[in-house]
>>> print(open('target_32.cif').read())   # mmCIF, N, CA and C atoms
data_query
#
loop_
_atom_site.label_atom_id
_atom_site.label_comp_id
_atom_site.auth_asym_id
_atom_site.auth_seq_id
_atom_site.Cartn_x
_atom_site.Cartn_y
_atom_site.Cartn_z
N MET A 1 0.80 -1.20 0.00
CA MET A 1 0.00 0.00 0.00
C MET A 1 0.85 1.27 0.00
N SER A 2 2.15 1.14 0.05
CA SER A 2 2.96 2.36 0.05
C SER A 2 2.98 2.98 -1.33
N GLY A 3 3.34 4.25 -1.39
CA GLY A 3 3.43 4.93 -2.66
C GLY A 3 2.15 5.65 -3.06
N LYS A 4 1.06 5.45 -2.32
CA LYS A 4 -0.18 6.17 -2.63
C LYS A 4 -0.06 7.61 -2.17
N GLU A 5 -0.75 8.48 -2.86
CA GLU A 5 -0.77 9.89 -2.51
C GLU A 5 -2.17 10.26 -2.03
N CYS A 6 -2.24 11.07 -0.98
CA CYS A 6 -3.53 11.48 -0.42
C CYS A 6 -4.29 12.35 -1.42
N PRO A 7 -5.57 12.05 -1.66
CA PRO A 7 -6.36 12.87 -2.57
C PRO A 7 -6.68 14.25 -2.00
N LYS A 8 -6.49 14.45 -0.71
CA LYS A 8 -6.80 15.73 -0.06
C LYS A 8 -5.57 16.63 0.06
N CYS A 9 -4.46 16.09 0.59
CA CYS A 9 -3.29 16.93 0.88
C CYS A 9 -2.07 16.60 0.03
N ARG A 10 -2.13 15.53 -0.75
CA ARG A 10 -1.02 15.07 -1.59
C ARG A 10 0.17 14.57 -0.78
N GLY A 11 -0.04 14.29 0.53
CA GLY A 11 1.02 13.76 1.37
C GLY A 11 1.18 12.26 1.20
N SER A 12 2.16 11.69 1.88
CA SER A 12 2.38 10.25 1.85
C SER A 12 1.67 9.60 3.03
N MET A 13 1.58 8.27 3.01
CA MET A 13 0.90 7.59 4.11
C MET A 13 1.84 6.67 4.84
N GLU A 14 1.49 6.38 6.10
CA GLU A 14 2.26 5.46 6.92
C GLU A 14 1.33 4.40 7.47
N PRO A 15 1.80 3.14 7.56
CA PRO A 15 0.95 2.07 8.08
C PRO A 15 0.80 2.16 9.60
N GLY A 16 -0.28 1.57 10.08
CA GLY A 16 -0.53 1.49 11.52
C GLY A 16 -1.76 0.65 11.77
N TYR A 17 -2.29 0.70 12.97
CA TYR A 17 -3.52 -0.02 13.30
C TYR A 17 -4.21 0.67 14.46
N MET A 18 -5.50 0.39 14.61
CA MET A 18 -6.29 0.95 15.70
C MET A 18 -6.74 -0.23 16.56
N PRO A 19 -6.17 -0.41 17.75
CA PRO A 19 -6.52 -1.56 18.57
C PRO A 19 -7.93 -1.47 19.16
N ASP A 20 -8.50 -2.64 19.42
CA ASP A 20 -9.77 -2.77 20.12
C ASP A 20 -9.47 -3.28 21.52
N LYS A 21 -10.33 -2.94 22.47
CA LYS A 21 -10.18 -3.48 23.82
C LYS A 21 -11.05 -4.72 23.95
N GLY A 22 -10.46 -5.76 24.50
CA GLY A 22 -11.19 -6.99 24.71
C GLY A 22 -11.46 -7.20 26.19
N HIS A 23 -11.64 -8.44 26.57
CA HIS A 23 -11.91 -8.82 27.95
C HIS A 23 -10.79 -8.32 28.86
N GLY A 24 -11.14 -7.66 29.94
CA GLY A 24 -10.15 -7.16 30.89
C GLY A 24 -9.31 -6.03 30.32
N ASP A 25 -9.84 -5.29 29.37
CA ASP A 25 -9.13 -4.18 28.72
C ASP A 25 -7.87 -4.62 27.97
N MET A 26 -7.77 -5.91 27.62
CA MET A 26 -6.65 -6.40 26.84
C MET A 26 -6.76 -5.85 25.42
N LEU A 27 -5.69 -5.27 24.90
CA LEU A 27 -5.71 -4.74 23.55
C LEU A 27 -5.55 -5.85 22.53
N LYS A 28 -6.30 -5.76 21.42
CA LYS A 28 -6.19 -6.72 20.33
C LYS A 28 -6.38 -5.98 19.02
N ARG A 29 -6.01 -6.63 17.94
CA ARG A 29 -6.11 -6.02 16.62
C ARG A 29 -7.57 -5.97 16.17
N GLN A 30 -7.96 -4.87 15.56
CA GLN A 30 -9.32 -4.68 15.06
C GLN A 30 -9.59 -5.66 13.92
N GLU A 31 -10.82 -6.18 13.84
CA GLU A 31 -11.22 -7.10 12.79
C GLU A 31 -12.50 -6.62 12.11
N TRP A 32 -12.63 -6.97 10.84
CA TRP A 32 -13.86 -6.76 10.09
C TRP A 32 -14.60 -8.10 10.07
N LEU A 33 -15.92 -8.10 10.37
CA LEU A 33 -16.73 -9.30 10.34
C LEU A 33 -17.87 -9.12 9.34
N ALA A 34 -18.15 -10.16 8.58
CA ALA A 34 -19.22 -10.11 7.56
C ALA A 34 -20.59 -10.04 8.22
N GLY A 35 -21.52 -9.36 7.56
CA GLY A 35 -22.91 -9.33 8.00
C GLY A 35 -23.22 -8.18 8.95
N GLU A 36 -24.47 -8.16 9.38
CA GLU A 36 -24.94 -7.14 10.31
C GLU A 36 -24.67 -7.60 11.75
N PRO A 37 -24.42 -6.67 12.67
CA PRO A 37 -24.20 -7.05 14.06
C PRO A 37 -25.47 -7.61 14.70
N GLU A 38 -25.32 -8.71 15.44
CA GLU A 38 -26.43 -9.31 16.18
C GLU A 38 -26.04 -9.41 17.66
N LYS A 39 -26.90 -8.92 18.53
CA LYS A 39 -26.62 -8.98 19.97
C LYS A 39 -26.76 -10.40 20.49
N ARG A 40 -25.89 -10.75 21.43
CA ARG A 40 -26.02 -12.02 22.15
C ARG A 40 -27.02 -11.82 23.28
N VAL A 41 -27.49 -12.92 23.86
CA VAL A 41 -28.48 -12.84 24.93
C VAL A 41 -27.96 -12.05 26.13
N TRP A 42 -26.75 -12.35 26.59
CA TRP A 42 -26.23 -11.71 27.80
C TRP A 42 -25.53 -10.39 27.50
N HIS A 43 -24.48 -10.42 26.71
CA HIS A 43 -23.75 -9.19 26.36
C HIS A 43 -22.86 -9.46 25.15
N GLY A 44 -22.47 -8.41 24.48
CA GLY A 44 -21.60 -8.55 23.32
C GLY A 44 -22.36 -8.86 22.04
N LEU A 45 -21.61 -9.31 21.04
CA LEU A 45 -22.18 -9.61 19.72
C LEU A 45 -21.91 -11.05 19.33
N LYS A 46 -22.78 -11.61 18.50
CA LYS A 46 -22.58 -12.94 17.95
C LYS A 46 -21.51 -12.85 16.86
N THR A 47 -20.47 -13.69 16.95
CA THR A 47 -19.39 -13.66 15.97
C THR A 47 -19.06 -15.03 15.39
N LYS A 48 -19.57 -16.08 15.99
CA LYS A 48 -19.22 -17.44 15.58
C LYS A 48 -19.62 -17.71 14.13
N GLY A 49 -18.69 -18.28 13.37
CA GLY A 49 -18.95 -18.69 12.00
C GLY A 49 -18.93 -17.57 10.96
N ARG A 50 -18.61 -16.37 11.36
CA ARG A 50 -18.59 -15.24 10.42
C ARG A 50 -17.23 -15.11 9.75
N GLU A 51 -17.25 -14.72 8.47
CA GLU A 51 -16.01 -14.41 7.78
C GLU A 51 -15.39 -13.20 8.49
N ARG A 52 -14.07 -13.24 8.72
CA ARG A 52 -13.40 -12.13 9.38
C ARG A 52 -12.04 -11.88 8.77
N HIS A 53 -11.65 -10.61 8.78
CA HIS A 53 -10.35 -10.20 8.25
C HIS A 53 -9.76 -9.13 9.17
N PRO A 54 -8.45 -9.15 9.39
CA PRO A 54 -7.83 -8.10 10.20
C PRO A 54 -7.91 -6.77 9.47
N VAL A 55 -8.04 -5.69 10.24
CA VAL A 55 -8.12 -4.35 9.66
C VAL A 55 -6.75 -3.68 9.75
N ARG A 56 -6.29 -3.15 8.64
CA ARG A 56 -5.03 -2.40 8.57
C ARG A 56 -5.40 -0.97 8.24
N THR A 57 -4.86 -0.02 8.99
CA THR A 57 -5.18 1.38 8.80
C THR A 57 -3.93 2.16 8.42
N PHE A 58 -4.09 3.09 7.49
CA PHE A 58 -3.00 3.95 7.06
C PHE A 58 -3.36 5.39 7.38
N ARG A 59 -2.35 6.16 7.76
CA ARG A 59 -2.54 7.58 8.10
C ARG A 59 -1.72 8.44 7.15
N TRP A 60 -2.39 9.44 6.59
CA TRP A 60 -1.70 10.39 5.73
C TRP A 60 -0.92 11.33 6.62
N THR A 61 0.38 11.49 6.36
CA THR A 61 1.27 12.20 7.27
C THR A 61 1.03 13.71 7.33
N ARG A 62 0.49 14.31 6.29
CA ARG A 62 0.29 15.76 6.29
C ARG A 62 -1.05 16.18 6.89
N CYS A 63 -2.14 15.51 6.53
CA CYS A 63 -3.47 15.95 6.97
C CYS A 63 -4.07 15.06 8.07
N GLY A 64 -3.50 13.86 8.30
CA GLY A 64 -4.01 12.98 9.35
C GLY A 64 -5.18 12.11 8.95
N TYR A 65 -5.63 12.19 7.70
CA TYR A 65 -6.75 11.36 7.22
C TYR A 65 -6.41 9.89 7.39
N LEU A 66 -7.40 9.08 7.81
CA LEU A 66 -7.20 7.64 7.99
C LEU A 66 -7.95 6.87 6.91
N GLU A 67 -7.33 5.79 6.42
CA GLU A 67 -7.94 4.92 5.42
C GLU A 67 -7.70 3.49 5.88
N SER A 68 -8.77 2.69 5.97
CA SER A 68 -8.66 1.32 6.48
C SER A 68 -8.99 0.29 5.42
N TYR A 69 -8.34 -0.86 5.51
CA TYR A 69 -8.53 -1.98 4.59
C TYR A 69 -8.69 -3.26 5.40
N ALA A 70 -9.53 -4.17 4.92
CA ALA A 70 -9.72 -5.47 5.58
C ALA A 70 -9.50 -6.55 4.53
N LYS A 71 -8.22 -6.83 4.26
CA LYS A 71 -7.85 -7.83 3.26
C LYS A 71 -7.44 -9.13 3.96
N PRO A 72 -7.73 -10.27 3.34
CA PRO A 72 -7.29 -11.54 3.93
C PRO A 72 -5.76 -11.56 4.05
N GLU A 73 -5.26 -12.17 5.11
CA GLU A 73 -3.80 -12.23 5.30
C GLU A 73 -3.23 -13.40 4.53
#
>>> encode(input="target_32.cif", output="structure tokens")
Amino acid sequence: MSGKECPKCRGSMEPGYMPDKGHGDMLKRQEWLAGEPEKRVWHGLKTKGRERHPVRTFRWTRCGYLESYAKPE
């Protein structure tokens, strides 16, 4: 993904990620899950059996715009 130019500021981008908090505030990598969110009976969301991909986020160095991708690893 390097070498792209920002359509807003014409700056370059740098890779990074935006962590999610899990059980006990443990940080984990953000994921994209297929379908609409469905609540579980007690708490949280149903995730079993869903297609999932890790999310990679890039930040444009001049304007700070973020762009995210969820490609299979």
>>> residues_around(input="target_32.cif", residues="A:Glu67", least_positions_apart="4", cutoff="6 Å", atoms="all atoms listed in the file", output="VMD selection string")
chain A and resid 56 to 59
>>> atom_distance(input="target_32.cif", atom1="atom CA of A:Met18", atom2="atom CA of A:Pro54")
10.7 Å
>>> resolve_selection(input="target_32.cif", expression="the PyMOL selection byres ((chain A and resi 51) around 6)", output="count of residues only")
7
>>> closest_residue(input="target_32.cif", among="A:Trp60, A:His43, A:Val55, A:Glu73", to="A:Lys28", atoms="only C-alpha atoms")
A:Val55
>>> select_by_dssp(input="target_32.cif", residues="chain A", states="strand (DSSP E)", output="PyMOL selection string")
chain A and resi 13-16+20-21+27-28+31-33+52-54+56-60+66-69
>>> write_last_selection(input="target_32.cif", atoms="N, CA and C atoms", output="PDB file, in the coordinates of the input")
ATOM      1  N   MET A  13       1.580   8.270   3.010  1.00  0.00           N
ATOM      2  CA  MET A  13       0.900   7.590   4.110  1.00  0.00           C
ATOM      3  C   MET A  13       1.840   6.670   4.840  1.00  0.00           C
ATOM      4  N   GLU A  14       1.490   6.380   6.100  1.00  0.00           N
ATOM      5  CA  GLU A  14       2.260   5.460   6.920  1.00  0.00           C
ATOM      6  C   GLU A  14       1.330   4.400   7.470  1.00  0.00           C
ATOM      7  N   PRO A  15       1.800   3.140   7.560  1.00  0.00           N
ATOM      8  CA  PRO A  15       0.950   2.070   8.080  1.00  0.00           C
ATOM      9  C   PRO A  15       0.800   2.160   9.600  1.00  0.00           C
ATOM     10  N   GLY A  16      -0.280   1.570  10.080  1.00  0.00           N
ATOM     11  CA  GLY A  16      -0.530   1.490  11.520  1.00  0.00           C
ATOM     12  C   GLY A  16      -1.760   0.650  11.770  1.00  0.00           C
ATOM     13  N   ASP A  20      -8.500  -2.640  19.420  1.00  0.00           N
ATOM     14  CA  ASP A  20      -9.770  -2.770  20.120  1.00  0.00           C
ATOM     15  C   ASP A  20      -9.470  -3.280  21.520  1.00  0.00           C
ATOM     16  N   LYS A  21     -10.330  -2.940  22.470  1.00  0.00           N
ATOM     17  CA  LYS A  21     -10.180  -3.480  23.820  1.00  0.00           C
ATOM     18  C   LYS A  21     -11.050  -4.720  23.950  1.00  0.00           C
ATOM     19  N   LEU A  27      -5.690  -5.270  24.900  1.00  0.00           N
ATOM     20  CA  LEU A  27      -5.710  -4.740  23.550  1.00  0.00           C
ATOM     21  C   LEU A  27      -5.550  -5.850  22.530  1.00  0.00           C
ATOM     22  N   LYS A  28      -6.300  -5.760  21.420  1.00  0.00           N
ATOM     23  CA  LYS A  28      -6.190  -6.720  20.330  1.00  0.00           C
ATOM     24  C   LYS A  28      -6.380  -5.980  19.020  1.00  0.00           C
ATOM     25  N   GLU A  31     -10.820  -6.180  13.840  1.00  0.00           N
ATOM     26  CA  GLU A  31     -11.220  -7.100  12.790  1.00  0.00           C
ATOM     27  C   GLU A  31     -12.500  -6.620  12.110  1.00  0.00           C
ATOM     28  N   TRP A  32     -12.630  -6.970  10.840  1.00  0.00           N
ATOM     29  CA  TRP A  32     -13.860  -6.760  10.090  1.00  0.00           C
ATOM     30  C   TRP A  32     -14.600  -8.100  10.070  1.00  0.00           C
ATOM     31  N   LEU A  33     -15.920  -8.100  10.370  1.00  0.00           N
ATOM     32  CA  LEU A  33     -16.730  -9.300  10.340  1.00  0.00           C
ATOM     33  C   LEU A  33     -17.870  -9.120   9.340  1.00  0.00           C
ATOM     34  N   ARG A  52     -14.070 -13.240   8.720  1.00  0.00           N
ATOM     35  CA  ARG A  52     -13.400 -12.130   9.380  1.00  0.00           C
ATOM     36  C   ARG A  52     -12.040 -11.880   8.770  1.00  0.00           C
ATOM     37  N   HIS A  53     -11.650 -10.610   8.780  1.00  0.00           N
ATOM     38  CA  HIS A  53     -10.350 -10.200   8.250  1.00  0.00           C
ATOM     39  C   HIS A  53      -9.760  -9.130   9.170  1.00  0.00           C
ATOM     40  N   PRO A  54      -8.450  -9.150   9.390  1.00  0.00           N
ATOM     41  CA  PRO A  54      -7.830  -8.100  10.200  1.00  0.00           C
ATOM     42  C   PRO A  54      -7.910  -6.770   9.470  1.00  0.00           C
ATOM     43  N   ARG A  56      -6.290  -3.150   8.640  1.00  0.00           N
ATOM     44  CA  ARG A  56      -5.030  -2.400   8.570  1.00  0.00           C
ATOM     45  C   ARG A  56      -5.400  -0.970   8.240  1.00  0.00           C
ATOM     46  N   THR A  57      -4.860  -0.020   8.990  1.00  0.00           N
ATOM     47  CA  THR A  57      -5.180   1.380   8.800  1.00  0.00           C
ATOM     48  C   THR A  57      -3.930   2.160   8.420  1.00  0.00           C
ATOM     49  N   PHE A  58      -4.090   3.090   7.490  1.00  0.00           N
ATOM     50  CA  PHE A  58      -3.000   3.950   7.060  1.00  0.00           C
ATOM     51  C   PHE A  58      -3.360   5.390   7.380  1.00  0.00           C
ATOM     52  N   ARG A  59      -2.350   6.160   7.760  1.00  0.00           N
ATOM     53  CA  ARG A  59      -2.540   7.580   8.100  1.00  0.00           C
ATOM     54  C   ARG A  59      -1.720   8.440   7.150  1.00  0.00           C
ATOM     55  N   TRP A  60      -2.390   9.440   6.590  1.00  0.00           N
ATOM     56  CA  TRP A  60      -1.700  10.390   5.730  1.00  0.00           C
ATOM     57  C   TRP A  60      -0.920  11.330   6.620  1.00  0.00           C
ATOM     58  N   LEU A  66      -7.400   9.080   7.810  1.00  0.00           N
ATOM     59  CA  LEU A  66      -7.200   7.640   7.990  1.00  0.00           C
ATOM     60  C   LEU A  66      -7.950   6.870   6.910  1.00  0.00           C
ATOM     61  N   GLU A  67      -7.330   5.790   6.420  1.00  0.00           N
ATOM     62  CA  GLU A  67      -7.940   4.920   5.420  1.00  0.00           C
ATOM     63  C   GLU A  67      -7.700   3.490   5.880  1.00  0.00           C
ATOM     64  N   SER A  68      -8.770   2.690   5.970  1.00  0.00           N
ATOM     65  CA  SER A  68      -8.660   1.320   6.480  1.00  0.00           C
ATOM     66  C   SER A  68      -8.990   0.290   5.420  1.00  0.00           C
ATOM     67  N   TYR A  69      -8.340  -0.860   5.510  1.00  0.00           N
ATOM     68  CA  TYR A  69      -8.530  -1.980   4.590  1.00  0.00           C
ATOM     69  C   TYR A  69      -8.690  -3.260   5.400  1.00  0.00           C
TER      70      TYR A  69
END
>>> closest_residue(input="target_32.cif", among="A:Lys39, A:Lys8, A:Gly44, A:Pro72", to="A:His23", atoms="only C-alpha atoms")
A:Gly44
>>> atom_distance(input="target_32.cif", atom1="atom CA of A:Tyr17", atom2="atom CA of A:Trp42")
29.4 Å
>>> atom_distance(input="target_32.cif", atom1="atom CA of A:Arg29", atom2="atom CA of A:Tyr65")
19.8 Å
>>> closest_residue(input="target_32.cif", among="A:Asp25, A:Gln30, A:Lys46, A:Cys63", to="A:Ser12", atoms="all atoms listed in the file")
A:Cys63
